[in-house]
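Chemist: Sending over a structure as structure tokens; questions will come in a sec.
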Protein chains: 2
Amino acid sequence: METDEAQKSVGCFDTPTLEDLEEMRKGKRVVACGGVFDIVHPGHAFVLDRAKDYGDLLVAIVARDSTVENRKRIPVIPEIQRREMVSQLKPVDIAVLGKEGSFLDIIEEIKPDVIALGPDQHHDSQKIEDELKKRGLNVEVARINEYKECPLHSTKDILLKIIERGYPK
Amino acid sequence: METDEAQKSVGCFDTPTLEDLEEMRKGKRVVACGGVFDIVHPGHAFVLDRAKDYGDLLVAIVARDSTVENRKRIPVIPEIQRREMVSQLKPVDIAVLGKEGSFLDIIEEIKPDVIALGPDQHHDSQKIEDELKKRGLNVEVARINEYKECPLHSTKDILLKIIERGYPK
């Protein structure tokens with residue numbers, strides 16, 4: 001039960017999990033939106049807020065440490081803490097960790113009505129819809145094009161500033 | 001109007017300000033809780049959540065850059081971004097920047113029913129209550145003693161891990 005173990009809390013909150021989704025989703029349109037959410041900033045909350053506009057219930061998918069390591073870098077914050085942090089953002093109803101294989105594996109468990117892709121997630125919407133159809137799922141893939149600039153609007157910029165400055169200067 | 005200028009948004013959200021508090025507070029018990037909130041983690045959300053238990057409406061006070069610099073270190077995230085990030089945490093109804101002088105100055109504007117001090121905020125509760133009485137305010141000062149450990153449960157630990165590792169390793 002790798003997933004159940006991974007979904008555990010760092011202990012600050014007893015947050016809903018995918019097991020609670022069936023009860024919560026009744027009659028509601030479920031949106032899924034994914035990301036790494038390493039050092040959270042208002043841009044993350046903004047994208048999640050826009051994602052929620054596509055439905056009633058927002059499931060945030062937090063990328064696994066191993067997935068991030070294979071794609072860009074080792075996350076600073078461990079996955080269970082990233083999941084719990086995201087669960088505390090206003091638009092988020094459920095925050096879950098992704099699975100270690102394909103992004104579509106966790107989508108198959110969530111069975112959302114819509115996947116909302118952020119402005120910097122360069123996936124091919126049609127391809128995702130087609131792949132999910134093969135798995136028997138009819139999911140709309142929407143794209144959030146609006147983008148907001150913050151003074152430090154990416155985890156990368158935040159990390160670079162910290163490294164550049166050193167600590168405790 | 002230094003305060004109005006400082007309370008402006010980084011542009012992701014149009015969040016309520018102190019000007020909205022009068023309308024929002026009607027018949028409600030207002031709690032104020034302060035912090036730096038430089039790199040937010042679940043421990044911050046936990047303390048804010050416990051703070052809200054003392055009332056109905058939670059005003060989070062985000063310390064000014066200048067105040068933090070005088071006390072511990074230069075914040076990584078600029079004050080307007082820290083304020084906006086905190087405004088997106090579930091327990092928070094209003095997030096405001098503090099004032100540059102005494103902590104009590106912003107309390108005098110908020111006029112909370114309760115101030116909730118976090119487990120690591122070593123202020124003398126009785127002294128705060130007495131000082132506020134002199135300013136004509138009858139405020140209860142409560143202390144949150146419960147403390148939750150996260151894998152990286154302080155901004156300091158997060159910064160040290162980033163510095164130690166370097167980027168993009």
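Going by the structure tokens order, chains are called A, B, ..., each with residues numbered from 1, while ligands are numbered from 1 in the order shown.
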With only C-alpha atoms considered, list every residue of chain A at most 8 Å from chain B, as an MDAnalysis selection string.
Modeler: chainID A and resid 10:13 39:43 45:46 73:74 76:78 81 84:85 88:90 148:152 158:163 166:169
Chemist: Apply DSSP to the backbone of this structure and, from segment 80-109 of chain A, keep only the residues in helix (DSSP H, G or I); write these as JSON, numbers by chain.
Modeler: {"A": [80, 81, 82, 83, 84, 85, 86, 87, 103, 104, 105, 106, 107, 108, 109]}
Chemist: Fewer than 2 positions away in the same chain doesn't count, so skip those; otherwise give me all residues within 6 Å of segment 53-55 of chain B, counting only C-alpha atoms, as an NGL selection string.
Modeler: :B and (29-31 or 50-51)
Chemist: Here is a test: counting only C-alpha atoms, which residue of A:Asp124, A:Glu109, A:Asp65, A:Asp14 is nearest to Ala142 of chain A?
Modeler: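 Among the listed residues, A:Asp124 lies closest to Ala142 of chain A.
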Chemist: Quick one, how far is atom CA of Glu131 of chain A from atom CA of Ile115 of chain A?
Modeler: 13.1 Å
Chemist: Suppose you want the space between atom CA of Pro112 of chain A and atom CA of Cys33 of chain A; what is it in Å?
Modeler: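 Taking atom CA of Pro112 of chain A and atom CA of Cys33 of chain A, their separation equals 9.7 Å.
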Chemist: What does the distance from atom CA of Asp105 of chain B to atom CA of Ser154 of chain B come to in Å, to one decimal?
Modeler: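 Computing the Euclidean distance for atom CA of Asp105 of chain B and atom CA of Ser154 of chain B yields 26.8 Å.
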Chemist: Which of chain A counts as strand (DSSP E or B) under DSSP, as a list in words please?
Modeler: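 Strand (DSSP E or B) members of chain A, listed: Val30, Val31, Ala32, Cys33, Gly34, Gly35, Leu57, Leu58, Val59, Ala60, Ile61, Val62, Leu89, Ile94, Ala95, Val96, Leu97, Val114, Ile115, Ala116, Leu117, Glu140, Val141, Ala142 and Arg143 of chain A.
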